[in-house]
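This report refers to the structure that appears directly beneath it.
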Amino acid sequence: MRLSIALATEADVEAIAVLRTAAADHLTAEYGHGHWSSATSSRGVSGDLKNSAVLIERSGTDIVGTLRLARKKPWAIDPAYFTTVARPLYLTSMAVHPVTQRRGVGHRLLEAAVDTVRNWHGDAIRLDAYDAPAGAGGFYLKCGFCEVGRVTYRNVPLIYFEFLV
C-alpha cells in the first residue's frame, strides 16, 4: 500500500467531504451526539480549497486523512492565549478515516503541516480541540503541541494548542 501526502485539488473535494463525514459519524457512534457530529458538504470543502491549504494523505487512490491550514483565525480562537508571533497558521478540519485510525496517518499529516508552515514562513500552528472524550487533545500532546489554555466558547469546552515552528 503506497502512502503519499499532497495538497488537495478540486478533484478531491467529494472524497474529502465523505471522509470528514465518516470521521464525524464514527465519533457520534462512539461518544454520542455533539459538536463533532455534523456532516461536511462538498461546497464547504471547495471553499476550504480557495481560502487555505488542504493536505491529504492517500493510500493508493483512497484519501485516508486530511487537514486544513489557514491564515485566517477561526471564530473560536482567542489570540490572547497564544505566544505572540508574526505569522501564525491555524489547523482545522483534521480527520482520519475510521478504518485507518491509529496507523500514523494523523501524525504524518501533522509533520507535513509543520513543513508547509515552514515553507510559508509561518512561525506557529494554532488549533482548538474539543475538551471532551471525543476530542483529540491527547493526540496533539503526543505530537509535540503544547496546551496553552482551556476556554468555553458558545457553550463548547475547548482546549487551545500551539506548535512553534
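Chain identifiers are assigned as A, B, and so on, following the order in which chains appear in the C-alpha cells; residues are numbered from 1 within each chain, and ligands are numbered from 1 in order of appearance.
Taking region 88-161 of chain A and asking which residues DSSP calls helix (DSSP H, G or I) on the backbone, you get Pro98, Val99, Thr100, Val105, Gly106, His107, Arg108, Leu109, Leu110, Glu111, Ala112, Ala113, Val114, Asp115, Thr116, Val117, Arg118, Asn119, Gly137, Gly138, Phe139, Tyr140, Leu141 and Lys142 of chain A.
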Item checked: All residues 7 Å or closer to region 51-66 of chain A, only C-alpha atoms, same chain fewer than 2 positions away omitted, as a VMD selection string -> chain A and resid 1 to 8 15 47 to 49 68 to 70 94 to 97 100 105 to 106
N, CA and C atoms of the current selection, written as a PDB file, in the first residue's frame:
ATOM      1  N   MET A   1       0.846  -1.175   0.000  1.00  0.00           N
ATOM      2  CA  MET A   1       0.000   0.000   0.000  1.00  0.00           C
ATOM      3  C   MET A   1       0.897   1.246   0.000  1.00  0.00           C
ATOM      4  N   ARG A   2       0.789   2.068  -1.026  1.00  0.00           N
ATOM      5  CA  ARG A   2       1.610   3.258  -1.171  1.00  0.00           C
ATOM      6  C   ARG A   2       0.915   4.447  -0.513  1.00  0.00           C
ATOM      7  N   LEU A   3       1.622   5.112   0.413  1.00  0.00           N
ATOM      8  CA  LEU A   3       1.084   6.282   1.100  1.00  0.00           C
ATOM      9  C   LEU A   3       1.760   7.526   0.555  1.00  0.00           C
ATOM     10  N   SER A   4       0.976   8.592   0.393  1.00  0.00           N
ATOM     11  CA  SER A   4       1.553   9.857  -0.051  1.00  0.00           C
ATOM     12  C   SER A   4       0.720  11.011   0.489  1.00  0.00           C
ATOM     13  N   ILE A   5       1.409  12.120   0.781  1.00  0.00           N
ATOM     14  CA  ILE A   5       0.739  13.329   1.252  1.00  0.00           C
ATOM     15  C   ILE A   5       0.905  14.395   0.191  1.00  0.00           C
ATOM     16  N   ALA A   6      -0.179  15.114  -0.085  1.00  0.00           N
ATOM     17  CA  ALA A   6      -0.169  16.148  -1.119  1.00  0.00           C
ATOM     18  C   ALA A   6      -1.196  17.218  -0.777  1.00  0.00           C
ATOM     19  N   LEU A   7      -1.137  18.309  -1.531  1.00  0.00           N
ATOM     20  CA  LEU A   7      -2.189  19.319  -1.446  1.00  0.00           C
ATOM     21  C   LEU A   7      -3.406  18.812  -2.200  1.00  0.00           C
ATOM     22  N   ALA A   8      -4.568  18.999  -1.635  1.00  0.00           N
ATOM     23  CA  ALA A   8      -5.812  18.579  -2.277  1.00  0.00           C
ATOM     24  C   ALA A   8      -6.126  19.491  -3.448  1.00  0.00           C
ATOM     25  N   ALA A  15     -14.393  13.331  -2.107  1.00  0.00           N
ATOM     26  CA  ALA A  15     -13.786  12.309  -1.241  1.00  0.00           C
ATOM     27  C   ALA A  15     -13.441  12.885   0.132  1.00  0.00           C
ATOM     28  N   GLY A  47     -14.804  25.498  -0.675  1.00  0.00           N
ATOM     29  CA  GLY A  47     -14.455  26.802  -0.106  1.00  0.00           C
ATOM     30  C   GLY A  47     -13.142  26.748   0.650  1.00  0.00           C
ATOM     31  N   ASP A  48     -12.902  25.651   1.362  1.00  0.00           N
ATOM     32  CA  ASP A  48     -11.630  25.485   2.070  1.00  0.00           C
ATOM     33  C   ASP A  48     -10.454  25.556   1.097  1.00  0.00           C
ATOM     34  N   LEU A  49     -10.602  24.931  -0.065  1.00  0.00           N
ATOM     35  CA  LEU A  49      -9.513  24.918  -1.044  1.00  0.00           C
ATOM     36  C   LEU A  49      -9.196  26.321  -1.562  1.00  0.00           C
ATOM     37  N   ARG A  68      -6.664  20.982   7.300  1.00  0.00           N
ATOM     38  CA  ARG A  68      -6.698  22.289   6.635  1.00  0.00           C
ATOM     39  C   ARG A  68      -5.810  23.251   7.409  1.00  0.00           C
ATOM     40  N   LEU A  69      -4.991  24.025   6.686  1.00  0.00           N
ATOM     41  CA  LEU A  69      -4.180  25.095   7.271  1.00  0.00           C
ATOM     42  C   LEU A  69      -4.645  26.421   6.686  1.00  0.00           C
ATOM     43  N   ALA A  70      -4.961  27.362   7.562  1.00  0.00           N
ATOM     44  CA  ALA A  70      -5.479  28.649   7.113  1.00  0.00           C
ATOM     45  C   ALA A  70      -4.719  29.792   7.765  1.00  0.00           C
ATOM     46  N   MET A  94      -9.235  18.562  10.767  1.00  0.00           N
ATOM     47  CA  MET A  94      -8.418  17.351  10.667  1.00  0.00           C
ATOM     48  C   MET A  94      -9.313  16.136  10.848  1.00  0.00           C
ATOM     49  N   ALA A  95      -9.143  15.164   9.972  1.00  0.00           N
ATOM     50  CA  ALA A  95      -9.926  13.926  10.058  1.00  0.00           C
ATOM     51  C   ALA A  95      -9.121  12.781   9.463  1.00  0.00           C
ATOM     52  N   VAL A  96      -9.235  11.638  10.101  1.00  0.00           N
ATOM     53  CA  VAL A  96      -8.641  10.402   9.605  1.00  0.00           C
ATOM     54  C   VAL A  96      -9.773   9.397   9.483  1.00  0.00           C
ATOM     55  N   HIS A  97      -9.806   8.689   8.361  1.00  0.00           N
ATOM     56  CA  HIS A  97     -10.873   7.714   8.164  1.00  0.00           C
ATOM     57  C   HIS A  97     -10.844   6.694   9.302  1.00  0.00           C
ATOM     58  N   THR A 100      -8.593   3.648   9.140  1.00  0.00           N
ATOM     59  CA  THR A 100      -7.132   3.821   9.143  1.00  0.00           C
ATOM     60  C   THR A 100      -6.624   4.580  10.371  1.00  0.00           C
ATOM     61  N   VAL A 105      -1.438   7.995  10.342  1.00  0.00           N
ATOM     62  CA  VAL A 105      -1.906   8.947   9.331  1.00  0.00           C
ATOM     63  C   VAL A 105      -1.924  10.369   9.904  1.00  0.00           C
ATOM     64  N   GLY A 106      -2.542  10.549  11.062  1.00  0.00           N
ATOM     65  CA  GLY A 106      -2.627  11.882  11.663  1.00  0.00           C
ATOM     66  C   GLY A 106      -1.263  12.455  11.977  1.00  0.00           C
TER      67      GLY A 106
END
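For Ala76 (chain A), the residues within 9 Å (counting only C-alpha atoms, excluding itself and residues fewer than 6 positions away along the chain) are A:Asp128, A:Tyr153, A:Arg154, A:Leu158.
Between CA of Phe163 (chain A) and CA of Ala124 (chain A) the separation is 5.5 Å.
Of the residues listed (A:Ser93, A:Ala11, A:Arg43, A:Glu162), A:Ser93 shows the shortest atom-to-atom separation from Ala23 (chain A); distances use only C-alpha atoms.
For the residues A:Leu89, A:Leu67, A:Glu10, A:Val99, ranking by smallest atom-to-atom distance to Ala22 (chain A) using only C-alpha atoms places A:Val99 first.
Remark: for Thr28 (chain A), the closest of the candidate residues A:Gly122, A:Gly135, A:Gly44, A:Pro88 is A:Gly135 (distances computed over only C-alpha atoms).
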Checklist line | Polymer residues at most 8 Å from region 30-42 of chain A, only C-alpha atoms, same-chain spacing of 3 or more positions, as a PyMOL selection string | finding: chain A and resi 13-14+16-18+20-21+24-27+45-46+133-134+156
Residue subset to file, keeping C-alpha atoms, as a PDB file, in the first residue's frame:
ATOM      1  CA  VAL A  13     -13.466  17.619  -2.862  1.00  0.00           C
ATOM      2  CA  GLU A  14     -16.130  14.905  -2.762  1.00  0.00           C
ATOM      3  CA  ILE A  16     -12.695  14.771   1.472  1.00  0.00           C
ATOM      4  CA  ALA A  17     -16.323  15.560   2.336  1.00  0.00           C
ATOM      5  CA  VAL A  18     -17.096  11.836   2.581  1.00  0.00           C
ATOM      6  CA  ARG A  20     -14.800  14.098   7.162  1.00  0.00           C
ATOM      7  CA  THR A  21     -18.400  12.920   7.460  1.00  0.00           C
ATOM      8  CA  ALA A  24     -17.812  12.627  12.414  1.00  0.00           C
ATOM      9  CA  ASP A  25     -20.228   9.690  12.203  1.00  0.00           C
ATOM     10  CA  HIS A  26     -17.651   7.457  13.923  1.00  0.00           C
ATOM     11  CA  LEU A  27     -17.229   9.934  16.791  1.00  0.00           C
ATOM     12  CA  VAL A  45     -14.571  21.656   1.219  1.00  0.00           C
ATOM     13  CA  SER A  46     -14.436  23.535  -2.074  1.00  0.00           C
ATOM     14  CA  PRO A 133     -13.892  12.371  25.327  1.00  0.00           C
ATOM     15  CA  ALA A 134     -14.402  12.828  21.568  1.00  0.00           C
ATOM     16  CA  VAL A 156     -18.421  24.383  23.820  1.00  0.00           C
TER      17      VAL A 156
END
Item checked: Two-atom distance - CA of Phe82 (chain A), CA of Arg108 (chain A) (Å) -> 24.1 Å
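Going from CA of Tyr140 (chain A) over to CA of Arg71 (chain A), you cover 19.8 Å.
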Excluding Thr152 (chain A) and any residue of its chain fewer than 3 positions from it, enumerate the residues within 12 Å of it, using only C-alpha atoms, and give them as a short mmCIF file (atom, residue, chain, number, x, y, z; two decimals) with N, CA and C atoms, in the first residue's frame.
data_model
loop_
_atom_site.label_atom_id
_atom_site.label_comp_id
_atom_site.auth_asym_id
_atom_site.auth_seq_id
_atom_site.Cartn_x
_atom_site.Cartn_y
_atom_site.Cartn_z
N ALA A 76 -13.42 30.51 16.95
CA ALA A 76 -13.32 30.10 18.35
C ALA A 76 -11.94 30.34 18.97
N ILE A 77 -11.00 30.82 18.20
CA ILE A 77 -9.64 31.03 18.71
C ILE A 77 -9.52 32.44 19.30
N ASP A 78 -9.05 32.49 20.54
CA ASP A 78 -8.76 33.77 21.20
C ASP A 78 -7.24 33.93 21.24
N ASP A 128 -7.74 24.50 18.06
CA ASP A 128 -8.55 24.17 19.22
C ASP A 128 -9.07 22.76 19.04
N ALA A 129 -9.24 22.07 20.16
CA ALA A 129 -9.79 20.71 20.17
C ALA A 129 -10.89 20.66 21.21
N TYR A 130 -11.87 19.81 20.97
CA TYR A 130 -12.95 19.67 21.95
C TYR A 130 -12.38 19.13 23.26
N ASP A 131 -12.78 19.75 24.36
CA ASP A 131 -12.41 19.27 25.70
C ASP A 131 -13.51 18.30 26.13
N ALA A 132 -13.49 17.14 25.50
CA ALA A 132 -14.49 16.10 25.72
C ALA A 132 -13.86 14.77 25.33
N GLY A 149 -4.25 26.77 26.83
CA GLY A 149 -5.43 27.29 27.52
C GLY A 149 -6.65 26.41 27.33
N ASN A 155 -20.75 27.79 24.70
CA ASN A 155 -21.11 26.57 25.44
C ASN A 155 -20.35 25.33 24.99
N VAL A 156 -19.24 25.51 24.26
CA VAL A 156 -18.42 24.38 23.82
C VAL A 156 -17.07 24.46 24.54
N PRO A 157 -16.75 23.46 25.38
CA PRO A 157 -15.45 23.47 26.05
C PRO A 157 -14.34 23.09 25.07
N LEU A 158 -13.32 23.95 25.01
CA LEU A 158 -12.22 23.77 24.07
C LEU A 158 -10.88 23.80 24.78
N ILE A 159 -9.90 23.14 24.18
CA ILE A 159 -8.51 23.23 24.61
C ILE A 159 -7.74 23.86 23.46
N TYR A 160 -6.96 24.88 23.77
CA TYR A 160 -6.11 25.51 22.76
C TYR A 160 -4.74 24.85 22.77
#
